[in-house]
Every structure is written in structure tokens, then in C-alpha cells.
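Next up, run_29.txt (compact mmCIF, C-alpha atoms and all ligand atoms):
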# COMPACT_ATOMS: atom_id res chain seq x y z
CA MET C 1 0.00 0.00 0.00
CA LYS C 2 1.51 3.33 -1.06
CA GLU C 3 2.01 5.98 1.63
CA GLN C 4 -0.92 8.22 0.62
CA TYR C 5 -3.28 5.23 0.63
CA GLN C 6 -1.93 3.94 3.95
CA LYS C 7 -2.69 7.29 5.58
CA TYR C 8 -6.25 7.24 4.22
CA PHE C 9 -6.62 3.60 5.29
CA LEU C 10 -5.58 4.31 8.90
CA ASP C 11 -7.77 7.41 9.15
CA ILE C 12 -10.90 5.76 7.78
CA LEU C 13 -10.26 2.59 9.82
CA LYS C 14 -10.12 4.65 13.03
CA SER C 15 -13.36 6.47 12.13
CA LEU C 16 -15.10 3.19 11.29
CA ILE C 17 -13.93 1.50 14.49
CA GLU C 18 -14.89 4.45 16.68
CA THR C 19 -18.43 4.50 15.24
CA PRO C 20 -20.39 1.91 17.27
CA SER C 21 -22.12 -0.76 15.16
CA PRO C 22 -23.17 -3.88 17.06
CA SER C 23 -25.32 -6.06 14.74
CA GLY C 24 -28.80 -4.49 14.66
CA TYR C 25 -27.51 -0.98 15.39
CA THR C 26 -25.47 -0.30 12.29
CA PHE C 27 -27.02 2.79 10.66
CA HIS C 28 -24.38 5.23 11.92
CA VAL C 29 -21.54 3.30 10.32
CA ARG C 30 -23.69 2.63 7.24
CA ASN C 31 -24.09 6.40 6.88
CA LEU C 32 -20.34 6.90 7.29
CA ILE C 33 -19.70 4.42 4.45
CA LEU C 34 -22.38 6.05 2.26
CA LYS C 35 -20.70 9.42 2.82
CA GLU C 36 -17.38 7.97 1.64
CA LEU C 37 -19.09 6.43 -1.40
CA GLU C 38 -20.30 9.88 -2.53
CA GLU C 39 -16.74 10.39 -3.82
CA TYR C 40 -17.33 7.64 -6.37
CA LYS C 41 -20.87 8.30 -7.54
CA SER C 42 -19.69 9.29 -11.02
CA LEU C 43 -18.13 5.82 -11.36
CA GLY C 44 -21.06 3.59 -10.46
CA GLU C 45 -24.34 2.92 -8.78
CA VAL C 46 -25.07 2.64 -5.04
CA LYS C 47 -27.77 0.34 -3.68
CA VAL C 48 -28.85 0.38 -0.02
CA TYR C 49 -30.82 -2.54 1.40
CA LYS C 50 -33.30 -2.71 4.27
CA ASN C 51 -30.89 -4.56 6.56
CA ASN C 52 -28.39 -1.66 6.01
CA GLY C 53 -26.29 -3.63 3.51
CA ILE C 54 -24.75 -1.62 0.65
CA GLU C 55 -23.59 -2.47 -2.87
CA PHE C 56 -21.48 -0.16 -5.02
CA ILE C 57 -21.55 -1.38 -8.63
CA PHE C 58 -18.93 -0.41 -11.20
CA ASN C 59 -20.00 -0.94 -14.83
CA SER C 60 -23.41 -2.33 -13.87
CA SER C 61 -24.56 -2.61 -17.51
CA LYS C 62 -21.99 -5.34 -18.22
CA THR C 63 -23.35 -8.82 -17.56
CA GLU C 64 -20.27 -11.04 -18.21
CA ASN C 65 -18.06 -12.10 -15.30
CA ARG C 66 -19.91 -10.32 -12.53
CA ARG C 67 -17.41 -10.21 -9.67
CA ALA C 68 -17.48 -8.76 -6.15
CA ILE C 69 -15.50 -8.18 -3.00
CA CYS C 70 -17.38 -8.18 0.30
CA SER C 71 -16.82 -7.28 3.96
CA HIS C 72 -19.11 -6.84 6.96
CA PHE C 73 -19.34 -3.71 9.10
CA ASP C 74 -21.45 -4.99 12.00
CA THR C 75 -19.57 -6.01 15.13
CA LEU C 76 -20.01 -7.85 18.39
CA GLY C 77 -21.83 -5.98 21.11
CA LEU C 78 -24.45 -6.35 23.83
CA PHE C 79 -28.12 -5.73 24.44
CA LEU C 80 -29.92 -4.55 27.56
CA SER C 81 -32.05 -7.58 28.47
CA HIS C 82 -33.26 -6.90 32.02
CA ILE C 83 -33.26 -4.26 34.78
CA GLU C 84 -33.31 -5.59 38.35
CA THR C 85 -35.50 -3.92 41.02
CA ASP C 86 -32.36 -2.25 42.47
CA GLY C 87 -31.46 -0.78 39.06
CA MET C 88 -28.77 -3.34 38.17
CA ILE C 89 -28.53 -3.81 34.40
CA ARG C 90 -28.30 -7.31 32.87
CA LEU C 91 -27.10 -8.01 29.36
CA ASP C 92 -27.48 -10.37 26.41
CA MET C 93 -24.65 -10.86 23.92
CA ILE C 94 -24.76 -9.89 20.27
CA GLY C 95 -22.48 -12.29 18.38
CA GLY C 96 -20.36 -15.12 19.77
CA TYR C 97 -17.68 -14.69 22.44
CA PRO C 98 -16.97 -15.70 26.04
CA TRP C 99 -17.83 -13.28 28.87
CA THR C 100 -14.14 -13.21 29.81
CA ALA C 101 -13.49 -11.36 26.50
CA VAL C 102 -15.46 -8.34 27.75
CA GLU C 103 -15.11 -8.54 31.53
CA GLY C 104 -13.92 -5.13 32.80
CA GLU C 105 -14.58 -3.43 29.44
CA TYR C 106 -15.94 0.08 29.23
CA VAL C 107 -19.21 0.31 27.29
CA LYS C 108 -21.75 2.80 26.00
CA ILE C 109 -25.52 2.42 26.21
CA HIS C 110 -27.35 3.90 23.21
CA THR C 111 -30.89 4.94 24.11
CA MET C 112 -33.88 5.22 21.77
CA ASP C 113 -33.84 9.02 22.14
CA ASN C 114 -30.19 9.20 21.00
CA LYS C 115 -28.60 9.70 24.40
CA THR C 116 -25.43 7.86 25.35
CA TYR C 117 -24.46 6.67 28.83
CA THR C 118 -21.25 5.00 29.94
CA GLY C 119 -20.65 1.97 32.12
CA THR C 120 -18.46 -1.07 32.75
CA ILE C 121 -19.12 -4.80 32.36
CA LEU C 122 -18.33 -6.57 35.62
CA PHE C 123 -18.46 -9.96 37.32
CA HIS C 124 -20.87 -9.91 40.28
CA LYS C 125 -18.01 -10.56 42.74
CA ALA C 126 -15.54 -8.14 41.22
CA SER C 127 -13.87 -6.96 44.44
CA THR C 128 -11.20 -9.36 45.71
CA HIS C 129 -11.17 -7.47 49.04
CA ILE C 130 -14.66 -8.81 49.64
CA TYR C 131 -14.77 -12.17 47.86
CA GLY C 132 -11.13 -13.36 47.86
CA SER C 133 -10.35 -16.40 45.73
CA SER C 134 -13.96 -17.01 44.62
CA TYR C 135 -13.21 -14.29 42.06
CA ASP C 136 -10.99 -16.79 40.21
CA GLN C 137 -12.99 -19.93 40.82
CA GLU C 138 -16.43 -19.00 39.57
CA PRO C 139 -17.17 -19.23 35.86
CA ARG C 140 -18.20 -16.13 33.95
CA LYS C 141 -21.82 -16.73 32.96
CA GLN C 142 -24.55 -14.39 31.77
CA ASP C 143 -26.45 -14.34 35.07
CA LEU C 144 -23.25 -13.54 37.03
CA MET C 145 -22.31 -10.51 34.90
CA TYR C 146 -23.82 -7.03 34.91
CA LEU C 147 -23.38 -3.52 33.57
CA ARG C 148 -22.33 -0.96 36.18
CA LEU C 149 -23.94 2.26 35.00
CA ASP C 150 -22.05 5.50 35.70
CA GLU C 151 -25.19 7.17 37.05
CA LYS C 152 -26.81 7.31 40.51
CA VAL C 153 -29.59 4.74 40.21
CA SER C 154 -31.23 2.38 42.72
CA SER C 155 -34.48 1.30 41.03
CA ILE C 156 -35.98 0.41 37.65
CA GLU C 157 -37.65 3.86 37.60
CA ASP C 158 -34.31 5.63 38.14
CA VAL C 159 -32.88 3.82 35.11
CA ASN C 160 -35.98 4.40 32.96
CA ASN C 161 -36.02 8.11 33.93
CA LEU C 162 -32.64 8.45 32.20
CA GLY C 163 -34.25 7.14 29.00
CA ILE C 164 -32.63 3.70 29.36
CA PHE C 165 -34.94 0.75 28.63
CA LEU C 166 -34.84 -2.96 27.92
CA GLY C 167 -33.79 -3.39 24.28
CA ASP C 168 -31.18 -0.63 24.21
CA PHE C 169 -27.96 -1.48 22.39
CA VAL C 170 -24.62 -1.53 24.20
CA SER C 171 -21.29 -1.05 22.39
CA LEU C 172 -17.78 -1.94 23.56
CA ASP C 173 -15.05 0.68 23.91
CA PRO C 174 -12.76 -0.27 20.96
CA ARG C 175 -9.54 1.28 22.42
CA PHE C 176 -7.94 1.83 19.00
CA VAL C 177 -4.13 2.03 19.14
CA TYR C 178 -1.56 2.12 16.29
CA THR C 179 1.91 1.43 17.70
CA ASN C 180 5.27 2.70 16.42
CA SER C 181 6.11 -0.91 15.57
CA GLY C 182 3.21 -1.13 13.10
CA PHE C 183 0.72 -3.08 15.23
CA LEU C 184 -2.94 -2.14 15.32
CA LYS C 185 -4.64 -3.03 18.61
CA SER C 186 -8.37 -2.57 18.87
CA ARG C 187 -11.69 -4.26 19.18
CA HIS C 188 -13.60 -4.78 15.94
CA LEU C 189 -10.60 -5.12 13.63
CA ASP C 190 -13.01 -7.93 12.63
CA ASN C 191 -14.16 -6.60 10.30
CA LYS C 192 -13.73 -2.85 10.06
CA THR C 193 -10.30 -3.61 8.55
CA GLY C 194 -12.08 -5.30 5.61
CA ILE C 195 -14.33 -2.27 5.07
CA ALA C 196 -11.39 0.18 5.28
CA LEU C 197 -9.41 -1.95 2.79
CA ILE C 198 -12.29 -1.93 0.27
CA LEU C 199 -12.74 1.85 0.61
CA THR C 200 -8.98 2.35 0.15
CA MET C 201 -9.04 0.14 -2.94
CA MET C 202 -11.90 2.23 -4.37
CA LYS C 203 -9.85 5.38 -3.79
CA GLN C 204 -6.94 3.88 -5.73
CA ILE C 205 -9.26 2.75 -8.55
CA LYS C 206 -10.62 6.30 -8.90
CA GLU C 207 -7.32 8.16 -8.57
CA GLN C 208 -5.55 5.89 -11.08
CA ASN C 209 -8.53 5.73 -13.46
CA LEU C 210 -8.79 1.94 -13.28
CA GLN C 211 -12.58 1.66 -13.38
CA ASN C 212 -12.72 0.68 -17.05
CA LYS C 213 -10.40 -2.28 -16.44
CA ILE C 214 -12.62 -4.08 -13.94
CA GLY C 215 -15.84 -4.88 -15.82
CA HIS C 216 -18.93 -5.53 -13.73
CA PHE C 217 -17.50 -5.26 -10.23
CA ARG C 218 -19.28 -4.78 -6.92
CA CYS C 219 -17.99 -3.60 -3.56
CA ILE C 220 -20.38 -5.11 -1.04
CA PHE C 221 -20.68 -3.93 2.57
CA THR C 222 -22.82 -6.16 4.76
CA SER C 223 -24.53 -5.61 8.08
CA GLY C 224 -25.47 -8.61 10.21
CA GLU C 225 -22.70 -11.13 9.47
CA GLU C 226 -22.00 -11.65 13.18
CA ILE C 227 -25.57 -12.91 13.61
CA GLY C 228 -25.70 -14.87 10.33
CA LYS C 229 -27.81 -12.32 8.41
CA GLY C 230 -25.21 -10.36 6.45
CA ALA C 231 -25.11 -10.93 2.69
CA ASN C 232 -28.75 -11.96 2.28
CA PHE C 233 -29.35 -9.45 -0.55
CA VAL C 234 -26.53 -10.69 -2.79
CA LYS C 235 -27.59 -12.32 -6.07
CA ASP C 236 -26.77 -12.53 -9.80
CA LEU C 237 -23.04 -12.86 -9.28
CA ASP C 238 -20.31 -15.18 -10.66
CA GLU C 239 -17.51 -14.64 -8.12
CA LEU C 240 -17.54 -13.38 -4.55
CA LEU C 241 -14.32 -12.70 -2.65
CA ILE C 242 -14.97 -12.26 1.06
CA VAL C 243 -12.46 -10.23 3.07
CA ASP C 244 -12.78 -11.07 6.76
CA ASN C 245 -10.41 -11.67 9.64
CA ALA C 246 -7.92 -14.56 9.57
CA VAL C 247 -7.58 -16.45 12.83
CA VAL C 248 -4.18 -16.30 14.55
CA GLY C 249 -3.41 -18.80 17.32
CA LYS C 250 -1.28 -21.81 18.24
CA THR C 251 -3.25 -24.31 16.17
CA GLN C 252 -3.44 -22.00 13.13
CA ASN C 253 -1.23 -21.15 10.15
CA SER C 254 -2.38 -17.53 9.99
CA LEU C 255 0.06 -14.84 11.13
CA GLU C 256 -0.32 -11.20 12.13
CA ASP C 257 1.90 -10.01 9.27
CA LYS C 258 0.49 -12.06 6.37
CA VAL C 259 -2.66 -12.44 4.34
CA THR C 260 -4.44 -15.77 4.71
CA ILE C 261 -6.27 -17.60 1.96
CA CYS C 262 -8.78 -19.66 3.93
CA VAL C 263 -9.31 -23.06 2.27
CA LYS C 264 -12.05 -24.32 4.61
CA ASP C 265 -14.20 -22.92 7.41
CA SER C 266 -16.90 -24.57 9.54
CA THR C 267 -19.24 -24.78 6.55
CA GLY C 268 -16.78 -26.70 4.32
CA PRO C 269 -14.10 -26.12 1.65
CA PHE C 270 -14.17 -22.98 -0.49
CA ASP C 271 -14.29 -23.09 -4.31
CA TYR C 272 -11.35 -25.12 -5.71
CA SER C 273 -10.71 -23.00 -8.81
CA PHE C 274 -11.01 -19.73 -6.88
CA LYS C 275 -8.48 -21.00 -4.31
CA LYS C 276 -6.01 -21.91 -7.07
CA HIS C 277 -6.57 -18.54 -8.76
CA LEU C 278 -5.70 -16.66 -5.54
CA ILE C 279 -2.65 -18.81 -4.78
CA ASN C 280 -1.27 -18.32 -8.31
CA MET C 281 -1.94 -14.60 -8.09
CA SER C 282 -0.12 -14.35 -4.74
CA LYS C 283 2.89 -16.28 -6.04
CA SER C 284 3.29 -14.17 -9.14
CA ASN C 285 2.95 -10.84 -7.27
CA GLN C 286 5.21 -11.49 -4.23
CA ILE C 287 2.23 -11.42 -1.89
CA ASP C 288 3.13 -12.94 1.48
CA TYR C 289 0.29 -15.43 2.03
CA VAL C 290 -0.48 -18.56 4.03
CA LEU C 291 -3.27 -21.12 3.72
CA ASP C 292 -5.40 -21.94 6.74
CA VAL C 293 -8.46 -23.86 7.99
CA TYR C 294 -10.85 -22.23 10.48
CA LYS C 295 -12.64 -24.65 12.79
CA ARG C 296 -15.18 -22.38 14.46
CA TYR C 297 -15.89 -19.78 11.83
CA GLY C 298 -18.54 -18.78 9.33
CA CYS C 299 -18.64 -15.77 7.01
CA ASP C 300 -20.85 -14.04 4.44
CA SER C 301 -20.15 -16.84 1.94
CA GLU C 302 -22.38 -19.13 4.00
CA THR C 303 -25.37 -16.75 3.82
CA VAL C 304 -25.11 -16.37 0.04
CA LEU C 305 -24.65 -20.08 -0.71
CA LYS C 306 -27.49 -21.10 1.62
CA LEU C 307 -29.79 -18.80 -0.35
CA GLY C 308 -28.95 -20.88 -3.43
CA VAL C 309 -26.98 -18.23 -5.34
CA ASP C 310 -24.89 -19.88 -8.09
CA VAL C 311 -21.56 -18.22 -7.30
CA ARG C 312 -17.94 -19.21 -6.59
CA THR C 313 -16.80 -17.92 -3.20
CA ALA C 314 -13.42 -17.49 -1.53
CA LEU C 315 -12.23 -16.00 1.76
CA ILE C 316 -9.08 -14.00 2.46
CA GLY C 317 -8.07 -11.71 5.31
CA PRO C 318 -5.35 -10.23 7.49
CA GLY C 319 -4.12 -12.36 10.40
CA ILE C 320 -5.81 -11.09 13.57
CA ASP C 321 -4.73 -12.30 16.98
CA ALA C 322 -7.26 -12.86 19.81
CA SER C 323 -10.25 -12.51 17.46
CA HIS C 324 -13.54 -11.52 19.12
CA SER C 325 -11.50 -10.35 22.13
CA TYR C 326 -9.03 -7.44 22.28
CA GLU C 327 -7.69 -7.98 18.77
CA ARG C 328 -4.35 -7.16 17.14
CA THR C 329 -2.86 -7.24 13.67
CA HIS C 330 0.11 -5.69 11.88
CA ILE C 331 0.17 -3.20 9.01
CA ASP C 332 2.09 -5.81 6.95
CA ALA C 333 -0.90 -8.19 7.02
CA LEU C 334 -3.15 -5.36 5.87
CA THR C 335 -0.73 -4.41 3.09
CA HIS C 336 -0.57 -7.99 1.76
CA THR C 337 -4.35 -8.34 1.99
CA PHE C 338 -4.71 -5.08 0.08
CA LEU C 339 -2.29 -6.27 -2.62
CA LEU C 340 -4.20 -9.51 -3.10
CA MET C 341 -7.51 -7.59 -3.25
CA ILE C 342 -6.30 -5.11 -5.87
CA ASN C 343 -4.64 -7.81 -7.98
CA TYR C 344 -7.82 -9.86 -7.86
CA THR C 345 -9.97 -6.85 -8.75
CA LEU C 346 -7.82 -5.86 -11.74
CA GLY C 347 -7.19 -9.47 -12.82
CA ASP C 348 -9.02 -11.96 -15.01
CA ALA C 349 -12.07 -13.97 -14.03
CA VAL C 350 -11.52 -17.30 -12.25
CA LYS C 351 -11.05 -20.18 -14.71
CA GLU C 352 -12.29 -23.71 -14.19
CA HIS C 353 -9.23 -25.63 -12.97
CA CYS C 354 -10.45 -29.05 -11.94
CA VAL C 355 -10.19 -30.54 -15.46
CA GLU C 356 -6.51 -29.62 -16.01
ZN ZN C 401 -15.87 -11.12 10.75

Could you write out this structure as C-alpha cells?
Ligand SMILES: [Zn+2]
Amino acid sequence: MKEQYQKYFLDILKSLIETPSPSGYTFHVRNLILKELEEYKSLGEVKVYKNNGIEFIFNSSKTENRRAICSHFDTLGLFLSHIETDGMIRLDMIGGYPWTAVEGEYVKIHTMDNKTYTGTILFHKASTHIYGSSYDQEPRKQDLMYLRLDEKVSSIEDVNNLGIFLGDFVSLDPRFVYTNSGFLKSRHLDNKTGIALILTMMKQIKEQNLQNKIGHFRCIFTSGEEIGKGANFVKDLDELLIVDNAVVGKTQNSLEDKVTICVKDSTGPFDYSFKKHLINMSKSNQIDYVLDVYKRYGCDSETVLKLGVDVRTALIGPGIDASHSYERTHIDALTHTFLLMINYTLGDAVKEHCVE
């Protein structure tokens, strides 16, 4: 990624990450993306769907080799599920993660009348001065966790009088940090990095006048992937490249400074020819890639294929450590993911390989 694009990428990534968007509460970040897309309206058509998903279509009149790149902008979060008689707030999760991943995290409550309140997610025996070793021994379960609201409340009425009600969305403080050593630490790198990479690629396409080289090409931004409802508007497509986080950990091949081509996730292997296409492309363009298998992982490909769309799908992404917790990746992984994305976008359609 050239310097001017890297600066844009980091700026837009920070804005995206700092705009709360737990699944079901994504309109603010949708509007941020739509504002960015205004830059490109002379180059294509924008479609906005009822679940907040967006498609930007270059060369929509062309019907051969309809290709797309897709990332989701919804994130994990929480939901106010119950208020106790003493005003204590109980929570439901949005998306999949253990309670330990958010214990002690600062949060914001977003009320229906657009007010925001702060709080902290805590275990019910948080003080070791009172509870001693039971702090370590008890499991973190939903009914043992609560939201400590930074307001003086002692009843349901006190909480309601602030405008806070059951059903309000709760977002996690992302704590975005870019270190001098090139690491990005933040919540929601899954998958605001994917969105920022697509927007950066669009900027490069416009500034270098590449739009006529890419045929029918869609940039797809989905809302609801974390709850299995992301790409449910996608149809009439031949190839779909998903950009989503790669899983870094001891049992995985993915690394924080490389792009991963995922060959299989929980739903099964990805398209054979598409995989070969991406591997060949990486080899011939010095893109630092690894292959990996994700054992507990689904993505927007699953939604599209389950709807019966006749499309080849593949999944790539930057290696992200501690996914769905306090995540981290390196600028090198983002650069190699970007290179693979732009080479794919400017390259030829996937050819059938299995008969060679
Ligand atoms: Zn994701």
C-alpha cells in the first residue's frame, strides 16, 4: 500500500472502528460508508438494502463475469435484556464470544432518544477485598455478569427516567491504538479492517482511473454477518471474494503479518478453482500469504450459498490475533491483503481448474 493510501486507510479505519455498530444498530456506520461512497458516484451505482447492507456497482450494464469483494461492518456488542429492582442492568450478547473477553470493558448504552451513557461490564463478585479467591474460581456466565452504569440509580424507575430501557444497544469501547512498531490493537478489527481496505481500494481505482479495467465489479458492505444475516441481498453474481479476519493462534497457520487464503471454514471447503486462482496470483505478485483452515468460523459466503446463489466464493483476510476479544494485527498483514484484493480486482475472471 503506497504511503498516501496507507494514511487514508488508517484514518478511515479509526473512524469506522470508533463508530459503534453492534449487529442491529449499524445505521451510523452505514451512513459513514455512504458518505465515503459519494466520492465515487460518477463511477457507479449505489444500492442500499433494508438490513443496512450496501452495494457499489462499477460498470453495472456489463453482464459477463460479474465479480465482487465483500466485507461486513457490523460487530459484536451487547443488548440490555433486564433491569433488576435495584437498578442493576443485565445483558445479552450480540455475536459469539466468552464473557471473559469483555469482563472489565468500558461500554456505552445507546438509548432510543439518542442519548449515550457510559458503564463497565463486571463480574458480580468483582472486588477481591470482599470475595477473595472465589473471584478466580467461579465461571463467567450471563447471570453472574452485569453492567455498572455511571449514574446514581437504585431502582428500575431511576434507570428508565434516564431514557434507558430494555432493548437498548450496548457497544464496547474499541480502544484503538496504532503502535510505532506497526501493530494495530483494537476491538472490531473484525471486520472494520475489511471495510477500510475496500474503501482504500476504491480510492486507488478512482485516482488511477482503473474503473474501465474491472468490468462488472461490486464492492459489497454487509450488516449482520455476526448474527448470520449479512449478505442476504446478494444475487446474480459469478464470483464473490470475502475479506474477513484470519484467525491467529497456536493451532493456526495464519500470522499477524500475512494475508491468509482460507481453504475451509466450519461450513466446508471454499471453491477449488477460486483458491487456485488466488494462490497463483499471490505467487506471481510477491504477496506474502499462508493457507489456513478455520474450525469455528462462518462468514458471508455461508449466507449467500445457503440462499442458493450460483456463485464461486473465496475468503481472504489479514491475520488477527485474539479474534472476538481485544484484537491485534500488523500493518504488513493489511498491506498484503490489500495487494491480493487489488490484484484480484484488476485481474481476469476465475477459470475452471479441476479438469486440467
Ligand atoms: Zn468477521

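Between atom CA of Leu339 of chain C and atom CA of Tyr5 of chain C the interatomic distance comes to 12.0 Å.
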
With only C-alpha atoms and all ligand atoms counted and 6 Å as the cut-off, give the residues of chain C in contact with ligand ZN 401 (chain C), each with its shortest interatomic distance in Å and the pair that gives it, as CSV.
residue,atom,partner,partner_atom,distance
C:Asp190,CA,C:ZN401,ZN,4.7
C:Asn191,CA,C:ZN401,ZN,4.9
C:Asp244,CA,C:ZN401,ZN,5.0
C:Asn245,CA,C:ZN401,ZN,5.6

Within-12 Å shell of (-41.2, 0.5, 36.9) in input frame, only C-alpha atoms, as an MDAnalysis selection string: chainID C and resid 82:87 154:161 164:166

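Our summary of the geometry notes that atom CA of Tyr49 of chain C is positioned 7.3 Å from atom CA of Phe233 of chain C.
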
Distance in Å - atom CA of Val46 of chain C versus atom CA of Thr26 of chain C: 17.6 Å

Spatial sel., origin (0.9, -3.6, 21.3), limit 12 Å, all atoms listed in the file, listed as a ChimeraX atom specification: /C:175-186,256,321,326-330

Expected file: the selected residues, C-alpha atoms, as a compact mmCIF listing (two decimals), keeping the file's coordinate frame:
# COMPACT_ATOMS: atom_id res chain seq x y z
CA ARG C 175 -9.54 1.28 22.42
CA PHE C 176 -7.94 1.83 19.00
CA VAL C 177 -4.13 2.03 19.14
CA TYR C 178 -1.56 2.12 16.29
CA THR C 179 1.91 1.43 17.70
CA ASN C 180 5.27 2.70 16.42
CA SER C 181 6.11 -0.91 15.57
CA GLY C 182 3.21 -1.13 13.10
CA PHE C 183 0.72 -3.08 15.23
CA LEU C 184 -2.94 -2.14 15.32
CA LYS C 185 -4.64 -3.03 18.61
CA SER C 186 -8.37 -2.57 18.87
CA GLU C 256 -0.32 -11.20 12.13
CA ASP C 321 -4.73 -12.30 16.98
CA TYR C 326 -9.03 -7.44 22.28
CA GLU C 327 -7.69 -7.98 18.77
CA ARG C 328 -4.35 -7.16 17.14
CA THR C 329 -2.86 -7.24 13.67
CA HIS C 330 0.11 -5.69 11.88

Do you know which residues are at most 10 Å from segment 103-112 of chain C counting only C-alpha atoms, after dropping those on the same chain fewer than 2 positions away, and could you put them as a compact mmCIF listing (two decimals) with C-alpha atoms, in the frame of the given file?
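And here's selection.txt as it stands now:
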# COMPACT_ATOMS: atom_id res chain seq x y z
CA PRO C 20 -20.39 1.91 17.27
CA TYR C 25 -27.51 -0.98 15.39
CA GLY C 77 -21.83 -5.98 21.11
CA LEU C 78 -24.45 -6.35 23.83
CA PHE C 79 -28.12 -5.73 24.44
CA LEU C 80 -29.92 -4.55 27.56
CA PRO C 98 -16.97 -15.70 26.04
CA TRP C 99 -17.83 -13.28 28.87
CA THR C 100 -14.14 -13.21 29.81
CA ALA C 101 -13.49 -11.36 26.50
CA ASN C 114 -30.19 9.20 21.00
CA LYS C 115 -28.60 9.70 24.40
CA THR C 116 -25.43 7.86 25.35
CA TYR C 117 -24.46 6.67 28.83
CA THR C 118 -21.25 5.00 29.94
CA GLY C 119 -20.65 1.97 32.12
CA THR C 120 -18.46 -1.07 32.75
CA ILE C 121 -19.12 -4.80 32.36
CA LEU C 122 -18.33 -6.57 35.62
CA PHE C 123 -18.46 -9.96 37.32
CA ALA C 126 -15.54 -8.14 41.22
CA ARG C 140 -18.20 -16.13 33.95
CA MET C 145 -22.31 -10.51 34.90
CA TYR C 146 -23.82 -7.03 34.91
CA LEU C 147 -23.38 -3.52 33.57
CA ARG C 148 -22.33 -0.96 36.18
CA LEU C 149 -23.94 2.26 35.00
CA LEU C 162 -32.64 8.45 32.20
CA GLY C 163 -34.25 7.14 29.00
CA ILE C 164 -32.63 3.70 29.36
CA PHE C 165 -34.94 0.75 28.63
CA LEU C 166 -34.84 -2.96 27.92
CA GLY C 167 -33.79 -3.39 24.28
CA ASP C 168 -31.18 -0.63 24.21
CA PHE C 169 -27.96 -1.48 22.39
CA VAL C 170 -24.62 -1.53 24.20
CA SER C 171 -21.29 -1.05 22.39
CA LEU C 172 -17.78 -1.94 23.56
CA ASP C 173 -15.05 0.68 23.91
CA PRO C 174 -12.76 -0.27 20.96
CA ARG C 175 -9.54 1.28 22.42
CA TYR C 326 -9.03 -7.44 22.28

Compile the contact shell of His353 of chain C as a compact mmCIF listing (two decimals) with C-alpha atoms, in the coordinates of the input: residues with an atom at most 8 Å away, counting only C-alpha atoms, same-chain residues fewer than 6 positions apart removed.
# COMPACT_ATOMS: atom_id res chain seq x y z
CA TYR C 272 -11.35 -25.12 -5.71
CA SER C 273 -10.71 -23.00 -8.81
CA LYS C 276 -6.01 -21.91 -7.07

Starting from 4 Å padding per side, set up an axis-aligned box that covers all listed atoms of segment 101-108 of chain C and hand over centre and edge lengths in Å, one decimal, as lines of an AutoDock Vina configuration file.
center_x = -17.6
center_y = -4.3
center_z = 29.4
size_x = 16.3
size_y = 22.2
size_z = 14.8

Nearest to Asp74 of chain C, chosen from C:Thr128, C:Thr19, C:Gln252, C:Ser223, with only C-alpha atoms counted in the distances: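 Nearest candidate to Asp74 of chain C out of C:Thr128, C:Thr19, C:Gln252, C:Ser223: C:Ser223.
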
Taking a cut-off of 12 Å and counting all atoms listed in the file, can you build a table that, for each residue of segment 137-242 of chain C near segment 62-72 of chain C, reports the nearest atom pair and how far apart they are in Å (one decimal), sorted by chain then residue number, as a Markdown table?
| residue | atom | partner | partner_atom | distance |
| --- | --- | --- | --- | --- |
| C:His188 | CA | C:His72 | CA | 10.7 |
| C:Leu189 | CA | C:His72 | CA | 10.9 |
| C:Asp190 | CA | C:His72 | CA | 8.4 |
| C:Asn191 | CA | C:His72 | CA | 6.0 |
| C:Lys192 | CA | C:His72 | CA | 7.4 |
| C:Thr193 | CA | C:Ser71 | CA | 8.8 |
| C:Gly194 | CA | C:Ser71 | CA | 5.4 |
| C:Ile195 | CA | C:Ser71 | CA | 5.7 |
| C:Ala196 | CA | C:Ser71 | CA | 9.3 |
| C:Leu197 | CA | C:Ser71 | CA | 9.2 |
| C:Ile198 | CA | C:Ile69 | CA | 7.7 |
| C:Leu199 | CA | C:Ser71 | CA | 10.5 |
| C:Met201 | CA | C:Ile69 | CA | 10.5 |
| C:Met202 | CA | C:Ile69 | CA | 11.1 |
| C:Asn212 | CA | C:Lys62 | CA | 11.1 |
| C:Ile214 | CA | C:Arg67 | CA | 8.9 |
| C:Gly215 | CA | C:Lys62 | CA | 6.6 |
| C:His216 | CA | C:Arg66 | CA | 5.0 |
| C:Phe217 | CA | C:Arg67 | CA | 5.0 |
| C:Arg218 | CA | C:Ala68 | CA | 4.4 |
| C:Cys219 | CA | C:Ile69 | CA | 5.2 |
| C:Ile220 | CA | C:Cys70 | CA | 4.5 |
| C:Phe221 | CA | C:Ser71 | CA | 5.3 |
| C:Thr222 | CA | C:His72 | CA | 4.4 |
| C:Ser223 | CA | C:His72 | CA | 5.7 |
| C:Gly224 | CA | C:His72 | CA | 7.4 |
| C:Glu225 | CA | C:His72 | CA | 6.1 |
| C:Glu226 | CA | C:His72 | CA | 8.4 |
| C:Ile227 | CA | C:His72 | CA | 11.1 |
| C:Gly228 | CA | C:His72 | CA | 10.9 |
| C:Lys229 | CA | C:His72 | CA | 10.4 |
| C:Gly230 | CA | C:His72 | CA | 7.1 |
| C:Ala231 | CA | C:His72 | CA | 8.4 |
| C:Asn232 | CA | C:His72 | CA | 11.9 |
| C:Val234 | CA | C:Ala68 | CA | 9.8 |
| C:Lys235 | CA | C:Arg66 | CA | 10.2 |
| C:Asp236 | CA | C:Arg66 | CA | 7.7 |
| C:Leu237 | CA | C:Arg66 | CA | 5.2 |
| C:Asp238 | CA | C:Arg66 | CA | 5.2 |
| C:Glu239 | CA | C:Arg67 | CA | 4.7 |
| C:Leu240 | CA | C:Ala68 | CA | 4.9 |
| C:Leu241 | CA | C:Ile69 | CA | 4.7 |
| C:Ile242 | CA | C:Cys70 | CA | 4.8 |

Quick one: residues within 12 Å of Gly268 of chain C, only C-alpha atoms counted, chain neighbours fewer than 5 positions away excluded, as a PDB file with C-alpha atoms, keeping the file's coordinate frame?
ATOM      1  CA  CYS C 262      -8.780 -19.660   3.930  1.00  0.00           C
ATOM      2  CA  VAL C 263      -9.310 -23.060   2.270  1.00  0.00           C
ATOM      3  CA  VAL C 293      -8.460 -23.860   7.990  1.00  0.00           C
ATOM      4  CA  TYR C 294     -10.850 -22.230  10.480  1.00  0.00           C
ATOM      5  CA  LYS C 295     -12.640 -24.650  12.790  1.00  0.00           C
ATOM      6  CA  ARG C 296     -15.180 -22.380  14.460  1.00  0.00           C
ATOM      7  CA  TYR C 297     -15.890 -19.780  11.830  1.00  0.00           C
ATOM      8  CA  GLY C 298     -18.540 -18.780   9.330  1.00  0.00           C
ATOM      9  CA  CYS C 299     -18.640 -15.770   7.010  1.00  0.00           C
ATOM     10  CA  SER C 301     -20.150 -16.840   1.940  1.00  0.00           C
ATOM     11  CA  GLU C 302     -22.380 -19.130   4.000  1.00  0.00           C
ATOM     12  CA  LEU C 305     -24.650 -20.080  -0.710  1.00  0.00           C
ATOM     13  CA  THR C 313     -16.800 -17.920  -3.200  1.00  0.00           C
ATOM     14  CA  ALA C 314     -13.420 -17.490  -1.530  1.00  0.00           C
ATOM     15  CA  LEU C 315     -12.230 -16.000   1.760  1.00  0.00           C
TER      16      LEU C 315
END
